[in-house]
Amino acid sequence: MKPAPAYRVLREQLREEIRGGRYAGGARLPTESELSEQYGLSRQTVRRAFQDLVAEGMVYRVPGRGTYAGGDSRRYLRRLGSIDDLMSLSDDTTMEVVDGLRRRVDIDAASRLRLDGDVVHTVVFRRMHDGIPFGHTVVHLPPEVATMVTASADLRTGAQSRHTVIGLLEPHLGSPIAEAAQSITVGTADDGVAAAIGCAHGHPMLRVDRLYRDSDGHAVELAVSHFLPEQYTYRITLHRSG
C-alpha cells in the first residue's frame, strides 16, 4: 500500500494533539520551522498541513504571531449562510450598548445610506462572547427608520441584549430586508474601539461593513464592525446553484 503523503500524516498528528488537549486554551502551536526540524519535513509540507487544519477550523493563524488551536470557548466562530443569519446573533453572544441611540451629523454614513441630508441616528455596541469582548459595532440609521426603535430599551446606554438592531427593526419596516452588501477589510483599533474591547490603540482588527436594503432597494442600516482576530473566526458556507 502506498504510504500517506507526509503533510497528511502531520495533519493527523496535530489534529490528535489538539483534540487530546495538548494545546488547550487556544495555545500557540509550534512554528513551521520548529515542526520542520522536529519531523524532518520541508516547510512547504508543514504549511500544507496547517492549511488543511485552518480550513477545518481546527487552528487559526494570526499574521506575525503564529498558529493557534481553535475550539476554544473564548474564541467566537461566526457561521453565515443566509440574510437571516446576518440578522440574528448566536445564542452565546450578547450586545452591550456603549453609546445609546442618538441623533448626530455624519456625512460619510449619510452618504453611504444615500440620504439627502447629513443627519443619522447612531448606536454603538461592544460584542461579548462568554463575557469576553471581541468586537465593536457602530450602527447608523436613517432618521425615519430610527424613529421605529427610538423607544427600545435594548438601544439605551448600558443595555445588554441578544437582539441585533436590524432584527429589532424589521418587524416595523414596510418592506422586508432583502439584501446585505458586505465588505471585509483590515483595519486598526481607534481610541473608541480600543477602550470598548480592551486592546491597544492601533491593534490590527478585522473590519466588516454591512449595508442592509429592503425589498424596495432603500438602505435601512449601515453597520461598521471591528473584530479582534485573536477572538473571532468568520466562516461562510457557499453552495453551487442548480
# chains A, B, ... in the order shown; residues from 1 in each chain; ligands from 1

call {"tool": "residues_around", "arguments": {"residues": "Gly100 in chain A", "least_positions_apart": "4", "cutoff": "6 Å", "atoms": "only C-alpha atoms", "output": "list in words"}}
result
Val123, Leu155, Arg156 and Thr157 of chain A

call {"tool": "write_last_selection", "arguments": {"atoms": "N, CA and C atoms", "output": "PDB file, in the first residue's frame"}}
result
ATOM      1  N   VAL A 123     -25.964  54.189  17.109  1.00  0.00           N
ATOM      2  CA  VAL A 123     -25.828  53.461  18.367  1.00  0.00           C
ATOM      3  C   VAL A 123     -24.542  52.642  18.288  1.00  0.00           C
ATOM      4  N   LEU A 155     -31.649  49.620  23.107  1.00  0.00           N
ATOM      5  CA  LEU A 155     -30.730  50.535  22.438  1.00  0.00           C
ATOM      6  C   LEU A 155     -30.311  51.701  23.327  1.00  0.00           C
ATOM      7  N   ARG A 156     -30.483  51.538  24.635  1.00  0.00           N
ATOM      8  CA  ARG A 156     -30.068  52.567  25.579  1.00  0.00           C
ATOM      9  C   ARG A 156     -28.694  52.237  26.165  1.00  0.00           C
ATOM     10  N   THR A 157     -27.938  53.265  26.493  1.00  0.00           N
ATOM     11  CA  THR A 157     -26.594  53.071  27.035  1.00  0.00           C
ATOM     12  C   THR A 157     -26.620  52.132  28.236  1.00  0.00           C
TER      13      THR A 157
END

call {"tool": "select_by_dssp", "arguments": {"residues": "range 2-79 of chain A", "states": "helix (DSSP H, G or I)", "output": "NGL selection string"}}
result
:A and (6-19 or 32-39 or 43-56)

call {"tool": "closest_residue", "arguments": {"among": "A:Thr94, A:Ser225, A:Thr188, A:Gln182", "to": "Tyr212 in chain A", "atoms": "only C-alpha atoms"}}
result
A:Gln182

call {"tool": "atom_distance", "arguments": {"atom1": "CA of Thr31 in chain A", "atom2": "CA of Glu16 in chain A"}}
result
17.4 Å

call {"tool": "closest_residue", "arguments": {"among": "A:Leu41, A:Ala223, A:Met205, A:Met58", "to": "Thr137 in chain A", "atoms": "only C-alpha atoms"}}
result
A:Ala223

call {"tool": "closest_residue", "arguments": {"among": "A:Asp216, A:Asp118, A:Asp190, A:Asp52", "to": "Arg104 in chain A", "atoms": "only C-alpha atoms"}}
result
A:Asp118

call {"tool": "residues_around", "arguments": {"residues": "Thr93 in chain A", "least_positions_apart": "6", "cutoff": "10 Å", "atoms": "only C-alpha atoms", "output": "list in words"}}
result
Tyr76, Arg127, Met128, His129, Asp130, Gly131, Ile132, Pro133, Ser161, Arg162 and His163 of chain A

call {"tool": "write_last_selection", "arguments": {"atoms": "C-alpha atoms", "output": "tab-separated table (two decimals), in the first residue's frame"}}
result
chain	number	residue	atom	x	y	z
A	76	TYR	CA	-16.15	33.24	18.73
A	127	ARG	CA	-20.00	42.41	21.36
A	128	MET	CA	-19.40	39.80	24.06
A	129	HIS	CA	-18.84	36.04	23.96
A	130	ASP	CA	-18.81	34.24	27.33
A	131	GLY	CA	-18.35	37.63	28.97
A	132	ILE	CA	-15.28	38.49	26.90
A	133	PRO	CA	-15.44	41.48	24.49
A	161	SER	CA	-29.31	42.27	24.59
A	162	ARG	CA	-29.24	39.27	22.27
A	163	HIS	CA	-31.01	41.25	19.54

call {"tool": "atom_distance", "arguments": {"atom1": "CA of Tyr68 in chain A", "atom2": "CA of Glu17 in chain A"}}
result
12.5 Å

call {"tool": "select_by_dssp", "arguments": {"residues": "range 136-175 of chain A", "states": "strand (DSSP E or B)", "output": "VMD selection string"}}
result
chain A and resid 136 to 141 160 to 161

call {"tool": "write_last_selection", "arguments": {"atoms": "N, CA and C atoms", "output": "compact mmCIF listing (two decimals), in the first residue's frame"}}
result
# COMPACT_ATOMS: atom_id res chain seq x y z
N HIS A 136 -16.54 45.47 18.23
CA HIS A 136 -17.10 46.81 18.42
C HIS A 136 -17.88 47.15 17.16
N THR A 137 -19.14 47.53 17.33
CA THR A 137 -20.01 47.79 16.18
C THR A 137 -20.68 49.15 16.30
N VAL A 138 -20.62 49.92 15.22
CA VAL A 138 -21.31 51.20 15.13
C VAL A 138 -22.41 51.05 14.09
N VAL A 139 -23.65 51.31 14.49
CA VAL A 139 -24.80 51.18 13.59
C VAL A 139 -25.37 52.56 13.31
N HIS A 140 -25.53 52.88 12.03
CA HIS A 140 -26.12 54.15 11.59
C HIS A 140 -27.47 53.87 10.93
N LEU A 141 -28.48 54.68 11.28
CA LEU A 141 -29.82 54.53 10.73
C LEU A 141 -30.30 55.84 10.12
N GLN A 160 -27.93 45.42 27.76
CA GLN A 160 -27.37 44.21 27.18
C GLN A 160 -28.50 43.42 26.54
N SER A 161 -28.25 42.92 25.35
CA SER A 161 -29.31 42.27 24.59
C SER A 161 -28.74 41.20 23.68

call {"tool": "residues_around", "arguments": {"residues": "Ala195 in chain A", "least_positions_apart": "5", "cutoff": "12 Å", "atoms": "only C-alpha atoms", "output": "list in words"}}
result
Val98, Phe125, Arg126, Pro133, Phe134, Gly135, His136, Ala189, Asp190, Ala200, His201, Gly202 and His203 of chain A

call {"tool": "closest_residue", "arguments": {"among": "A:Val46, A:Phe227, A:Tyr39, A:Leu29", "to": "Tyr60 in chain A", "atoms": "only C-alpha atoms"}}
result
A:Leu29

call {"tool": "closest_residue", "arguments": {"among": "A:Thr164, A:Ser111, A:Thr185, A:Thr122", "to": "Asp99 in chain A", "atoms": "only C-alpha atoms"}}
result
A:Thr122
